[in-house]
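The file structure.cif comes next; it holds mmCIF, C-alpha atoms.
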data_input
#
loop_
_atom_site.group_PDB
_atom_site.id
_atom_site.type_symbol
_atom_site.label_atom_id
_atom_site.label_comp_id
_atom_site.auth_asym_id
_atom_site.auth_seq_id
_atom_site.Cartn_x
_atom_site.Cartn_y
_atom_site.Cartn_z
ATOM 1 C CA MET T 1271 136.595 109.320 30.670
ATOM 2 C CA GLU T 1272 134.355 110.364 33.569
ATOM 3 C CA PRO T 1273 134.716 108.464 36.820
ATOM 4 C CA ALA T 1274 132.132 105.724 37.188
ATOM 5 C CA ASN T 1275 130.841 107.038 40.517
ATOM 6 C CA LYS T 1276 130.204 110.595 39.380
ATOM 7 C CA SER T 1277 126.571 111.476 40.019
ATOM 8 C CA GLU T 1278 124.427 113.333 37.530
ATOM 9 C CA ILE T 1279 120.880 114.644 37.844
ATOM 10 C CA SER T 1280 118.747 114.281 34.715
ATOM 11 C CA PRO T 1281 121.101 112.381 32.385
ATOM 12 C CA SER T 1282 120.664 113.118 28.709
ATOM 13 C CA SER T 1283 119.565 109.612 27.778
ATOM 14 C CA PHE T 1284 119.236 105.970 28.778
ATOM 15 C CA PHE T 1285 120.132 102.807 26.868
ATOM 16 C CA LEU T 1286 117.304 100.281 26.524
ATOM 17 C CA MET T 1287 118.819 96.807 26.350
ATOM 18 C CA GLY T 1288 115.698 94.977 25.182
ATOM 19 C CA ILE T 1289 115.288 91.387 26.363
ATOM 20 C CA PRO T 1290 118.615 90.301 27.941
ATOM 21 C CA GLY T 1291 119.913 87.044 26.525
ATOM 22 C CA LEU T 1292 117.525 87.160 23.565
ATOM 23 C CA GLU T 1293 119.096 90.016 21.607
ATOM 24 C CA HIS T 1294 119.695 87.707 18.627
ATOM 25 C CA LEU T 1295 115.936 87.050 18.447
ATOM 26 C CA HIS T 1296 114.782 90.661 18.654
ATOM 27 C CA VAL T 1297 113.929 90.840 14.932
ATOM 28 C CA TRP T 1298 111.750 87.726 15.160
ATOM 29 C CA ILE T 1299 110.140 88.701 18.457
ATOM 30 C CA GLY T 1300 109.124 91.993 16.866
ATOM 31 C CA ILE T 1301 106.960 90.248 14.245
ATOM 32 C CA PRO T 1302 104.223 88.895 16.584
ATOM 33 C CA PHE T 1303 104.452 92.067 18.674
ATOM 34 C CA CYS T 1304 103.833 94.178 15.560
ATOM 35 C CA SER T 1305 100.948 91.923 14.493
ATOM 36 C CA MET T 1306 99.312 92.292 17.900
ATOM 37 C CA TYR T 1307 99.758 96.069 17.752
ATOM 38 C CA VAL T 1308 98.130 96.294 14.306
ATOM 39 C CA VAL T 1309 95.155 94.221 15.496
ATOM 40 C CA ALA T 1310 94.877 96.369 18.628
ATOM 41 C CA VAL T 1311 94.899 99.642 16.676
ATOM 42 C CA VAL T 1312 92.514 98.494 13.925
ATOM 43 C CA GLY T 1313 90.158 96.813 16.383
ATOM 44 C CA ASN T 1314 89.958 99.668 18.862
ATOM 45 C CA VAL T 1315 89.644 102.343 16.181
ATOM 46 C CA THR T 1316 86.848 100.280 14.578
ATOM 47 C CA ILE T 1317 84.984 100.108 17.904
ATOM 48 C CA LEU T 1318 85.286 103.883 18.373
ATOM 49 C CA ALA T 1319 84.109 104.573 14.806
ATOM 50 C CA VAL T 1320 81.142 102.167 15.018
ATOM 51 C CA VAL T 1321 79.900 103.477 18.370
ATOM 52 C CA ARG T 1322 80.291 107.074 17.206
ATOM 53 C CA ALA T 1323 78.368 106.435 13.972
ATOM 54 C CA GLU T 1324 75.547 104.308 15.412
ATOM 55 C CA ARG T 1325 73.377 106.217 17.885
ATOM 56 C CA SER T 1326 71.683 103.015 19.059
ATOM 57 C CA LEU T 1327 75.034 102.012 20.579
ATOM 58 C CA HIS T 1328 75.191 105.055 22.857
ATOM 59 C CA GLU T 1329 74.470 102.827 25.841
ATOM 60 C CA PRO T 1330 76.504 102.447 29.061
ATOM 61 C CA MET T 1331 78.237 99.230 27.957
ATOM 62 C CA PHE T 1332 79.453 100.704 24.682
ATOM 63 C CA LEU T 1333 80.413 104.065 26.190
ATOM 64 C CA PHE T 1334 82.601 102.289 28.748
ATOM 65 C CA LEU T 1335 83.956 100.144 25.914
ATOM 66 C CA CYS T 1336 84.970 103.326 24.055
ATOM 67 C CA MET T 1337 86.813 104.566 27.145
ATOM 68 C CA LEU T 1338 88.605 101.220 27.346
ATOM 69 C CA SER T 1339 89.478 101.422 23.636
ATOM 70 C CA VAL T 1340 91.025 104.889 24.004
ATOM 71 C CA THR T 1341 93.025 103.615 26.986
ATOM 72 C CA ASP T 1342 94.222 100.615 24.975
ATOM 73 C CA LEU T 1343 95.279 102.821 22.057
ATOM 74 C CA VAL T 1344 97.312 105.134 24.299
ATOM 75 C CA LEU T 1345 98.813 102.246 26.278
ATOM 76 C CA SER T 1346 99.905 100.241 23.226
ATOM 77 C CA THR T 1347 101.070 103.271 21.227
ATOM 78 C CA SER T 1348 103.201 104.530 24.107
ATOM 79 C CA THR T 1349 105.199 101.275 24.084
ATOM 80 C CA LEU T 1350 104.982 99.305 20.826
ATOM 81 C CA PRO T 1351 106.349 101.748 18.207
ATOM 82 C CA ARG T 1352 109.365 102.531 20.401
ATOM 83 C CA MET T 1353 109.848 98.826 21.153
ATOM 84 C CA LEU T 1354 109.769 97.932 17.452
ATOM 85 C CA CYS T 1355 112.379 100.621 16.737
ATOM 86 C CA LEU T 1356 114.575 98.898 19.315
ATOM 87 C CA PHE T 1357 113.960 95.404 17.887
ATOM 88 C CA TRP T 1358 114.221 96.217 14.171
ATOM 89 C CA LEU T 1359 116.308 99.393 13.906
ATOM 90 C CA GLY T 1360 118.610 98.981 16.888
ATOM 91 C CA ALA T 1361 117.437 102.311 18.356
ATOM 92 C CA HIS T 1362 118.499 101.626 21.935
ATOM 93 C CA HIS T 1363 118.950 105.198 23.156
ATOM 94 C CA ILE T 1364 115.972 107.057 24.612
ATOM 95 C CA ALA T 1365 116.037 110.627 25.897
ATOM 96 C CA PHE T 1366 115.607 111.059 29.649
ATOM 97 C CA ASP T 1367 112.444 113.178 29.356
ATOM 98 C CA ALA T 1368 110.993 110.805 26.746
ATOM 99 C CA CYS T 1369 111.693 107.925 29.124
ATOM 100 C CA LEU T 1370 109.844 109.667 31.966
ATOM 101 C CA ALA T 1371 106.918 110.516 29.652
ATOM 102 C CA GLN T 1372 106.660 106.892 28.481
ATOM 103 C CA MET T 1373 106.754 105.710 32.088
ATOM 104 C CA PHE T 1374 103.948 108.084 33.079
ATOM 105 C CA PHE T 1375 101.705 106.977 30.209
ATOM 106 C CA ILE T 1376 102.337 103.275 30.882
ATOM 107 C CA HIS T 1377 101.593 103.366 34.608
ATOM 108 C CA SER T 1378 98.745 105.887 34.597
ATOM 109 C CA PHE T 1379 96.892 104.270 31.682
ATOM 110 C CA THR T 1380 97.405 100.803 33.150
ATOM 111 C CA ALA T 1381 95.600 102.078 36.256
ATOM 112 C CA MET T 1382 92.876 103.501 33.989
ATOM 113 C CA GLU T 1383 92.541 100.136 32.234
ATOM 114 C CA SER T 1384 91.927 98.515 35.608
ATOM 115 C CA GLY T 1385 89.387 101.219 36.482
ATOM 116 C CA PHE T 1386 87.451 100.773 33.256
ATOM 117 C CA PHE T 1387 87.334 97.002 33.768
ATOM 118 C CA LEU T 1388 85.711 97.753 37.123
ATOM 119 C CA ALA T 1389 83.277 100.230 35.528
ATOM 120 C CA MET T 1390 82.280 97.639 32.925
ATOM 121 C CA ALA T 1391 81.782 95.017 35.648
ATOM 122 C CA ILE T 1392 79.475 97.448 37.467
ATOM 123 C CA ASP T 1393 77.578 98.028 34.220
ATOM 124 C CA ARG T 1394 77.126 94.270 33.698
ATOM 125 C CA TYR T 1395 75.945 93.905 37.304
ATOM 126 C CA VAL T 1396 73.304 96.636 36.893
ATOM 127 C CA ALA T 1397 72.242 95.305 33.454
ATOM 128 C CA ILE T 1398 71.716 91.747 34.736
ATOM 129 C CA CYS T 1399 70.632 92.310 38.350
ATOM 130 C CA GLU T 1400 68.626 95.546 37.858
ATOM 131 C CA PRO T 1401 67.612 95.446 34.165
ATOM 132 C CA LEU T 1402 64.546 97.690 34.553
ATOM 133 C CA ARG T 1403 66.573 100.434 36.265
ATOM 134 C CA HIS T 1404 69.684 100.141 34.094
ATOM 135 C CA ALA T 1405 69.078 103.307 32.070
ATOM 136 C CA THR T 1406 68.072 105.368 35.103
ATOM 137 C CA ILE T 1407 71.019 104.229 37.264
ATOM 138 C CA LEU T 1408 73.752 104.562 34.640
ATOM 139 C CA THR T 1409 72.801 107.850 32.993
ATOM 140 C CA HIS T 1410 75.178 109.585 30.592
ATOM 141 C CA ASN T 1411 76.008 112.101 33.321
ATOM 142 C CA ARG T 1412 76.999 109.342 35.781
ATOM 143 C CA ILE T 1413 78.967 107.507 33.105
ATOM 144 C CA ALA T 1414 80.926 110.701 32.372
ATOM 145 C CA LYS T 1415 81.622 111.173 36.091
ATOM 146 C CA MET T 1416 82.820 107.576 36.437
ATOM 147 C CA GLY T 1417 85.105 107.991 33.437
ATOM 148 C CA ALA T 1418 86.471 111.273 34.806
ATOM 149 C CA ALA T 1419 87.090 109.662 38.214
ATOM 150 C CA VAL T 1420 89.089 106.825 36.614
ATOM 151 C CA LEU T 1421 91.105 109.344 34.571
ATOM 152 C CA VAL T 1422 91.840 111.614 37.531
ATOM 153 C CA ARG T 1423 92.820 108.648 39.719
ATOM 154 C CA GLY T 1424 95.336 107.382 37.178
ATOM 155 C CA VAL T 1425 96.896 110.796 36.646
ATOM 156 C CA ALA T 1426 96.925 111.787 40.333
ATOM 157 C CA PHE T 1427 98.511 108.601 41.676
ATOM 158 C CA PHE T 1428 101.187 108.254 38.996
ATOM 159 C CA SER T 1429 102.163 111.874 38.299
ATOM 160 C CA PRO T 1430 104.664 111.698 41.220
ATOM 161 C CA HIS T 1431 106.608 108.923 39.450
ATOM 162 C CA PRO T 1432 108.393 111.086 36.833
ATOM 163 C CA ILE T 1433 108.684 113.971 39.306
ATOM 164 C CA LEU T 1434 110.427 111.752 41.864
ATOM 165 C CA LEU T 1435 112.772 110.252 39.286
ATOM 166 C CA LYS T 1436 113.602 113.692 37.901
ATOM 167 C CA GLN T 1437 115.038 114.676 41.297
ATOM 168 C CA LEU T 1438 117.269 111.622 41.738
ATOM 169 C CA PRO T 1439 121.016 111.633 40.982
ATOM 170 C CA TYR T 1440 122.221 108.878 38.653
ATOM 171 C CA CYS T 1441 125.757 107.640 39.036
ATOM 172 C CA ARG T 1442 125.494 104.054 37.869
ATOM 173 C CA THR T 1443 125.173 102.613 34.410
ATOM 174 C CA ARG T 1444 122.670 104.218 32.002
ATOM 175 C CA ILE T 1445 121.616 100.773 30.748
ATOM 176 C CA ILE T 1446 117.992 99.783 31.414
ATOM 177 C CA ALA T 1447 117.603 96.011 31.174
ATOM 178 C CA HIS T 1448 114.137 96.245 29.657
ATOM 179 C CA THR T 1449 112.258 96.956 26.423
ATOM 180 C CA TYR T 1450 110.652 100.129 27.762
ATOM 181 C CA CYS T 1451 111.079 102.604 30.623
ATOM 182 C CA GLU T 1452 109.629 100.762 33.573
ATOM 183 C CA PHE T 1453 109.665 102.607 36.903
ATOM 184 C CA MET T 1454 111.499 99.917 38.883
ATOM 185 C CA ALA T 1455 114.083 99.406 36.141
ATOM 186 C CA VAL T 1456 114.914 103.126 36.101
ATOM 187 C CA VAL T 1457 114.887 103.725 39.854
ATOM 188 C CA LYS T 1458 117.558 101.025 40.285
ATOM 189 C CA LEU T 1459 120.016 103.255 38.424
ATOM 190 C CA ALA T 1460 119.900 105.993 41.080
ATOM 191 C CA CYS T 1461 122.895 106.269 43.405
ATOM 192 C CA VAL T 1462 120.922 107.178 46.548
ATOM 193 C CA ASP T 1463 118.612 105.170 48.769
ATOM 194 C CA THR T 1464 115.317 104.813 46.875
ATOM 195 C CA GLY T 1465 113.492 102.606 49.368
ATOM 196 C CA ALA T 1466 110.745 105.168 50.054
ATOM 197 C CA THR T 1467 110.240 105.783 46.310
ATOM 198 C CA LYS T 1468 109.946 102.053 45.595
ATOM 199 C CA ARG T 1469 107.535 101.553 48.490
ATOM 200 C CA TYR T 1470 105.324 104.382 47.220
ATOM 201 C CA SER T 1471 105.141 102.864 43.733
ATOM 202 C CA LEU T 1472 104.449 99.328 44.948
ATOM 203 C CA SER T 1473 101.895 100.554 47.509
ATOM 204 C CA VAL T 1474 99.950 102.586 44.932
ATOM 205 C CA ALA T 1475 99.947 99.708 42.443
ATOM 206 C CA SER T 1476 98.877 97.165 45.067
ATOM 207 C CA VAL T 1477 96.097 99.370 46.508
ATOM 208 C CA ILE T 1478 94.619 100.226 43.100
ATOM 209 C CA GLY T 1479 94.934 96.668 41.767
ATOM 210 C CA SER T 1480 93.591 94.956 44.888
ATOM 211 C CA CYS T 1481 90.636 97.344 45.329
ATOM 212 C CA ASP T 1482 89.611 97.135 41.668
ATOM 213 C CA GLY T 1483 90.123 93.368 41.649
ATOM 214 C CA PHE T 1484 88.044 92.877 44.789
ATOM 215 C CA PHE T 1485 85.072 94.865 43.485
ATOM 216 C CA ILE T 1486 85.282 93.181 40.066
ATOM 217 C CA VAL T 1487 85.164 89.747 41.715
ATOM 218 C CA PHE T 1488 82.329 90.889 43.989
ATOM 219 C CA SER T 1489 80.363 92.200 40.975
ATOM 220 C CA TYR T 1490 80.750 88.960 39.032
ATOM 221 C CA VAL T 1491 79.773 86.857 42.045
ATOM 222 C CA LEU T 1492 76.509 88.812 42.222
ATOM 223 C CA ILE T 1493 76.125 88.497 38.458
ATOM 224 C CA LEU T 1494 76.604 84.720 38.554
ATOM 225 C CA ARG T 1495 74.091 84.426 41.371
ATOM 226 C CA ALA T 1496 71.548 86.352 39.289
ATOM 227 C CA VAL T 1497 72.363 84.354 36.123
ATOM 228 C CA PHE T 1498 71.745 80.993 37.794
ATOM 229 C CA ARG T 1499 68.333 82.258 38.890
ATOM 230 C CA LEU T 1500 67.237 82.911 35.305
ATOM 231 C CA PRO T 1501 64.343 80.618 34.354
ATOM 232 C CA SER T 1502 65.516 79.881 30.812
ATOM 233 C CA ARG T 1503 68.501 77.576 30.249
ATOM 234 C CA GLU T 1504 69.240 79.342 26.966
ATOM 235 C CA ALA T 1505 69.329 82.722 28.722
ATOM 236 C CA ARG T 1506 71.666 81.327 31.394
ATOM 237 C CA LEU T 1507 74.068 79.941 28.793
ATOM 238 C CA LYS T 1508 74.064 83.196 26.823
ATOM 239 C CA ALA T 1509 74.780 85.266 29.930
ATOM 240 C CA LEU T 1510 77.489 82.857 31.069
ATOM 241 C CA GLY T 1511 79.120 82.934 27.625
ATOM 242 C CA THR T 1512 79.244 86.728 27.642
ATOM 243 C CA CYS T 1513 80.500 86.972 31.223
ATOM 244 C CA GLY T 1514 82.985 84.138 30.669
ATOM 245 C CA SER T 1515 84.752 85.904 27.802
ATOM 246 C CA HIS T 1516 84.891 89.133 29.816
ATOM 247 C CA VAL T 1517 86.339 87.310 32.820
ATOM 248 C CA CYS T 1518 89.035 85.704 30.631
ATOM 249 C CA VAL T 1519 90.282 89.115 29.467
ATOM 250 C CA ILE T 1520 90.257 90.442 33.025
ATOM 251 C CA LEU T 1521 92.151 87.361 34.262
ATOM 252 C CA VAL T 1522 94.857 87.821 31.605
ATOM 253 C CA PHE T 1523 95.289 91.469 32.619
ATOM 254 C CA TYR T 1524 95.413 90.865 36.375
ATOM 255 C CA SER T 1525 97.435 87.614 36.286
ATOM 256 C CA THR T 1526 100.268 89.230 34.306
ATOM 257 C CA ALA T 1527 100.040 92.344 36.494
ATOM 258 C CA VAL T 1528 100.259 90.283 39.687
ATOM 259 C CA PHE T 1529 103.193 88.292 38.297
ATOM 260 C CA THR T 1530 105.061 91.508 37.476
ATOM 261 C CA PHE T 1531 104.292 92.973 40.902
ATOM 262 C CA LEU T 1532 105.389 89.834 42.783
ATOM 263 C CA THR T 1533 108.552 89.582 40.690
ATOM 264 C CA HIS T 1534 109.561 93.081 41.759
ATOM 265 C CA ARG T 1535 108.743 92.293 45.380
ATOM 266 C CA PHE T 1536 109.934 88.718 45.824
ATOM 267 C CA GLY T 1537 111.054 87.146 42.548
ATOM 268 C CA HIS T 1538 114.764 87.878 42.625
ATOM 269 C CA ASN T 1539 115.482 84.423 41.159
ATOM 270 C CA VAL T 1540 113.126 84.824 38.190
ATOM 271 C CA PRO T 1541 115.182 84.983 34.943
ATOM 272 C CA PRO T 1542 115.124 88.566 33.585
ATOM 273 C CA GLN T 1543 113.956 87.474 30.132
ATOM 274 C CA VAL T 1544 110.916 85.749 31.675
ATOM 275 C CA HIS T 1545 110.061 88.818 33.744
ATOM 276 C CA ILE T 1546 110.462 91.190 30.785
ATOM 277 C CA PHE T 1547 108.476 88.948 28.436
ATOM 278 C CA ILE T 1548 105.565 88.743 30.902
ATOM 279 C CA ALA T 1549 105.763 92.506 31.471
ATOM 280 C CA ASN T 1550 105.424 92.993 27.703
ATOM 281 C CA MET T 1551 102.439 90.659 27.582
ATOM 282 C CA TYR T 1552 100.891 92.676 30.401
ATOM 283 C CA LEU T 1553 100.908 95.736 28.122
ATOM 284 C CA LEU T 1554 100.249 94.085 24.746
ATOM 285 C CA VAL T 1555 97.720 91.304 25.258
ATOM 286 C CA PRO T 1556 94.777 93.263 26.777
ATOM 287 C CA PRO T 1557 94.722 95.911 23.981
ATOM 288 C CA PHE T 1558 94.921 93.021 21.482
ATOM 289 C CA LEU T 1559 92.178 90.915 23.110
ATOM 290 C CA ASN T 1560 89.719 93.625 24.136
ATOM 291 C CA PRO T 1561 88.493 94.460 20.585
ATOM 292 C CA ILE T 1562 88.082 90.739 19.856
ATOM 293 C CA VAL T 1563 86.212 89.860 23.038
ATOM 294 C CA TYR T 1564 84.191 93.033 23.504
ATOM 295 C CA GLY T 1565 83.855 93.886 19.806
ATOM 296 C CA VAL T 1566 83.669 90.759 17.654
ATOM 297 C CA ARG T 1567 81.635 88.852 20.258
ATOM 298 C CA THR T 1568 79.197 91.763 20.707
ATOM 299 C CA LYS T 1569 76.300 91.208 18.298
ATOM 300 C CA LYS T 1570 75.410 94.872 17.714
ATOM 301 C CA ILE T 1571 78.970 95.895 16.843
ATOM 302 C CA ARG T 1572 79.550 92.806 14.713
ATOM 303 C CA GLU T 1573 76.348 93.350 12.719
ATOM 304 C CA HIS T 1574 77.097 97.034 12.129
ATOM 305 C CA VAL T 1575 80.631 96.281 10.876
ATOM 306 C CA LEU T 1576 79.374 93.496 8.578
ATOM 307 C CA SER T 1577 76.604 95.683 7.156
ATOM 308 C CA SER T 1578 79.105 98.476 6.485
ATOM 309 C CA LEU T 1579 81.439 96.055 4.698
ATOM 310 C CA ARG T 1580 78.579 94.686 2.573
ATOM 311 C CA ALA T 1581 77.530 98.212 1.612
ATOM 312 C CA LYS T 1582 81.071 99.036 0.445
ATOM 313 C CA VAL T 1583 81.492 95.779 -1.465
ATOM 314 C CA PHE T 1584 78.142 95.811 -3.226
#
Turn the structure described in the file into structure tokens.
Amino acid sequence: MEPANKSEISPSSFFLMGIPGLEHLHVWIGIPFCSMYVVAVVGNVTILAVVRAERSLHEPMFLFLCMLSVTDLVLSTSTLPRMLCLFWLGAHHIAFDACLAQMFFIHSFTAMESGFFLAMAIDRYVAICEPLRHATILTHNRIAKMGAAVLVRGVAFFSPHPILLKQLPYCRTRIIAHTYCEFMAVVKLACVDTGATKRYSLSVASVIGSCDGFFIVFSYVLILRAVFRLPSREARLKALGTCGSHVCVILVFYSTAVFTFLTHRFGHNVPPQVHIFIANMYLLVPPFLNPIVYGVRTKKIREHVLSSLRAKVF
């Protein structure tokens, strides 16, 4: 047997524990997780197919929604299938390179999700506060540039994560007390001082999250001010209903993200199963809710889906 303190760069694999203390419930926990994943995939693929088929939906709101749907598909698919293999098949081992790849996709596409929420908030602000200039301000060229900027930001800020972890020696246990390869869970296994690496990760996450969150809040404050100035009560209620559902999804995303961030920074007394469960919700709930809130509650998408179903039935 190798000595326990022997260091090794790039170990062959890690062992994902799952949810510590709830191993006997893994099979049952996997059922709602799988249901949420199926809804997320079907819902987001439906949105992409509807917007692609219906040229009248090639508007800023729906183009940003498509970008969000692609992000949700990548984010959920990079975690859920592997998590279900762990829960149902007992596949605890994950290759080192696969672990780093999963980590990159999770963190970079989470940052993209935040960026697209901001882009959609900007679109709602322009649509409500500058309705006559909406099409001229948010042209297809500008929408493409905004999408590219969000993509590049996510990749640029989180590409160092797997590179940094690839260089670290690992001399402790190979067991990751989590359901997926989270950066902080992996970096704890290194046998050198990783303070600078942890600070980089937390700083990037806090800067991106706080900046996006601030501008989203600022956009919705301006939106609410414009909504309450509308002359018609019916128009005010309709606008508030639409904005309210959007805000609920954004709050779920950012509240779970903030909880996870604060747990890493200060919550050393938080039970690990609570932290891991919230971290899973952080990745699963937004892709599950987004098609429902932005798709089902959007009249144009709902009508197109219903008309397509009627045509196939009759």
Counting only C-alpha atoms, which residues of range 1468-1531 of chain T fall within 12 Å of range 1543-1553 of chain T, and what is the closest atom pair for each with its distance in Å at one decimal, ordered by chain and rising number, as a Markdown table?
| residue | atom | partner | partner_atom | distance |
| --- | --- | --- | --- | --- |
| T:Val1519 | CA | T:Tyr1552 | CA | 11.2 |
| T:Ile1520 | CA | T:Tyr1552 | CA | 11.2 |
| T:Leu1521 | CA | T:Tyr1552 | CA | 10.9 |
| T:Val1522 | CA | T:Tyr1552 | CA | 7.8 |
| T:Phe1523 | CA | T:Tyr1552 | CA | 6.1 |
| T:Tyr1524 | CA | T:Tyr1552 | CA | 8.3 |
| T:Ser1525 | CA | T:Tyr1552 | CA | 8.5 |
| T:Thr1526 | CA | T:Tyr1552 | CA | 5.2 |
| T:Ala1527 | CA | T:Tyr1552 | CA | 6.2 |
| T:Val1528 | CA | T:Tyr1552 | CA | 9.6 |
| T:Phe1529 | CA | T:Ile1548 | CA | 7.8 |
| T:Thr1530 | CA | T:Ala1549 | CA | 6.1 |
| T:Phe1531 | CA | T:Ala1549 | CA | 9.6 |
Please list as an mmCIF file with C-alpha atoms, keeping the file's coordinate frame every residue within 12 Å of Glu1383 in chain T, counting only C-alpha atoms and excluding residues in the same chain fewer than 5 positions away.
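As a result, out_2.cif now contains:
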data_model
loop_
_atom_site.group_PDB
_atom_site.id
_atom_site.type_symbol
_atom_site.label_atom_id
_atom_site.label_comp_id
_atom_site.auth_asym_id
_atom_site.auth_seq_id
_atom_site.Cartn_x
_atom_site.Cartn_y
_atom_site.Cartn_z
ATOM 1 C CA PHE T 1334 82.601 102.289 28.748
ATOM 2 C CA LEU T 1335 83.956 100.144 25.914
ATOM 3 C CA CYS T 1336 84.970 103.326 24.055
ATOM 4 C CA MET T 1337 86.813 104.566 27.145
ATOM 5 C CA LEU T 1338 88.605 101.220 27.346
ATOM 6 C CA SER T 1339 89.478 101.422 23.636
ATOM 7 C CA VAL T 1340 91.025 104.889 24.004
ATOM 8 C CA THR T 1341 93.025 103.615 26.986
ATOM 9 C CA ASP T 1342 94.222 100.615 24.975
ATOM 10 C CA LEU T 1343 95.279 102.821 22.057
ATOM 11 C CA VAL T 1344 97.312 105.134 24.299
ATOM 12 C CA LEU T 1345 98.813 102.246 26.278
ATOM 13 C CA SER T 1346 99.905 100.241 23.226
ATOM 14 C CA PHE T 1375 101.705 106.977 30.209
ATOM 15 C CA ILE T 1376 102.337 103.275 30.882
ATOM 16 C CA HIS T 1377 101.593 103.366 34.608
ATOM 17 C CA SER T 1378 98.745 105.887 34.597
ATOM 18 C CA LEU T 1388 85.711 97.753 37.123
ATOM 19 C CA ALA T 1389 83.277 100.230 35.528
ATOM 20 C CA MET T 1390 82.280 97.639 32.925
ATOM 21 C CA GLY T 1417 85.105 107.991 33.437
ATOM 22 C CA VAL T 1420 89.089 106.825 36.614
ATOM 23 C CA LEU T 1421 91.105 109.344 34.571
ATOM 24 C CA ARG T 1423 92.820 108.648 39.719
ATOM 25 C CA GLY T 1424 95.336 107.382 37.178
ATOM 26 C CA ILE T 1478 94.619 100.226 43.100
ATOM 27 C CA GLY T 1479 94.934 96.668 41.767
ATOM 28 C CA ASP T 1482 89.611 97.135 41.668
ATOM 29 C CA GLY T 1483 90.123 93.368 41.649
ATOM 30 C CA VAL T 1519 90.282 89.115 29.467
ATOM 31 C CA ILE T 1520 90.257 90.442 33.025
ATOM 32 C CA PHE T 1523 95.289 91.469 32.619
ATOM 33 C CA TYR T 1524 95.413 90.865 36.375
ATOM 34 C CA ALA T 1527 100.040 92.344 36.494
ATOM 35 C CA TYR T 1552 100.891 92.676 30.401
ATOM 36 C CA LEU T 1553 100.908 95.736 28.122
ATOM 37 C CA PRO T 1556 94.777 93.263 26.777
ATOM 38 C CA PRO T 1557 94.722 95.911 23.981
ATOM 39 C CA ASN T 1560 89.719 93.625 24.136
#
Neighbour residues at most 12 Å from (110.1, 110.6, 28.7) (all atoms listed in the file) as a ChimeraX atom specification: /T:1280-1284,1348-1349,1352,1363-1376,1431-1433,1435-1436,1450-1453,1456
Those same residues - C-alpha atoms - I'd like them written as a CSV table (one decimal), in the coordinates of the input.
chain,number,residue,atom,x,y,z
T,1280,SER,CA,118.7,114.3,34.7
T,1281,PRO,CA,121.1,112.4,32.4
T,1282,SER,CA,120.7,113.1,28.7
T,1283,SER,CA,119.6,109.6,27.8
T,1284,PHE,CA,119.2,106.0,28.8
T,1348,SER,CA,103.2,104.5,24.1
T,1349,THR,CA,105.2,101.3,24.1
T,1352,ARG,CA,109.4,102.5,20.4
T,1363,HIS,CA,119.0,105.2,23.2
T,1364,ILE,CA,116.0,107.1,24.6
T,1365,ALA,CA,116.0,110.6,25.9
T,1366,PHE,CA,115.6,111.1,29.6
T,1367,ASP,CA,112.4,113.2,29.4
T,1368,ALA,CA,111.0,110.8,26.7
T,1369,CYS,CA,111.7,107.9,29.1
T,1370,LEU,CA,109.8,109.7,32.0
T,1371,ALA,CA,106.9,110.5,29.7
T,1372,GLN,CA,106.7,106.9,28.5
T,1373,MET,CA,106.8,105.7,32.1
T,1374,PHE,CA,103.9,108.1,33.1
T,1375,PHE,CA,101.7,107.0,30.2
T,1376,ILE,CA,102.3,103.3,30.9
T,1431,HIS,CA,106.6,108.9,39.4
T,1432,PRO,CA,108.4,111.1,36.8
T,1433,ILE,CA,108.7,114.0,39.3
T,1435,LEU,CA,112.8,110.3,39.3
T,1436,LYS,CA,113.6,113.7,37.9
T,1450,TYR,CA,110.7,100.1,27.8
T,1451,CYS,CA,111.1,102.6,30.6
T,1452,GLU,CA,109.6,100.8,33.6
T,1453,PHE,CA,109.7,102.6,36.9
T,1456,VAL,CA,114.9,103.1,36.1
Residues near Ile1445 in chain T, cut-off 9 Å, only C-alpha atoms, skip fewer than 3 positions along chain, as an MDAnalysis selection string: chainID T and resid 1284:1287 1442 1448 1456 1459
Hits of the PyMOL selection byres ((chain T and resi 1329) around 10) in this structure, as a ChimeraX atom specification: /T:1321,1325-1328,1330-1335,1404-1405,1408-1410,1413
Would you output that residue set with C-alpha atoms, as an mmCIF file, in the coordinates of the input?
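Written file, selection-v4.cif:
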data_model
loop_
_atom_site.group_PDB
_atom_site.id
_atom_site.type_symbol
_atom_site.label_atom_id
_atom_site.label_comp_id
_atom_site.auth_asym_id
_atom_site.auth_seq_id
_atom_site.Cartn_x
_atom_site.Cartn_y
_atom_site.Cartn_z
ATOM 1 C CA VAL T 1321 79.900 103.477 18.370
ATOM 2 C CA ARG T 1325 73.377 106.217 17.885
ATOM 3 C CA SER T 1326 71.683 103.015 19.059
ATOM 4 C CA LEU T 1327 75.034 102.012 20.579
ATOM 5 C CA HIS T 1328 75.191 105.055 22.857
ATOM 6 C CA PRO T 1330 76.504 102.447 29.061
ATOM 7 C CA MET T 1331 78.237 99.230 27.957
ATOM 8 C CA PHE T 1332 79.453 100.704 24.682
ATOM 9 C CA LEU T 1333 80.413 104.065 26.190
ATOM 10 C CA PHE T 1334 82.601 102.289 28.748
ATOM 11 C CA LEU T 1335 83.956 100.144 25.914
ATOM 12 C CA HIS T 1404 69.684 100.141 34.094
ATOM 13 C CA ALA T 1405 69.078 103.307 32.070
ATOM 14 C CA LEU T 1408 73.752 104.562 34.640
ATOM 15 C CA THR T 1409 72.801 107.850 32.993
ATOM 16 C CA HIS T 1410 75.178 109.585 30.592
ATOM 17 C CA ILE T 1413 78.967 107.507 33.105
#
Straight-line distance linking CA of Pro1351 in chain T with CA of Ser1305 in chain T, stated in Å to one decimal: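 These two atoms are separated by 11.8 Å.
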Residues matched by the PyMOL selection byres ((chain T and resi 1497) around 8) as a PyMOL selection string: chain T and resi 1398+1493-1496+1498-1500+1506+1509-1510
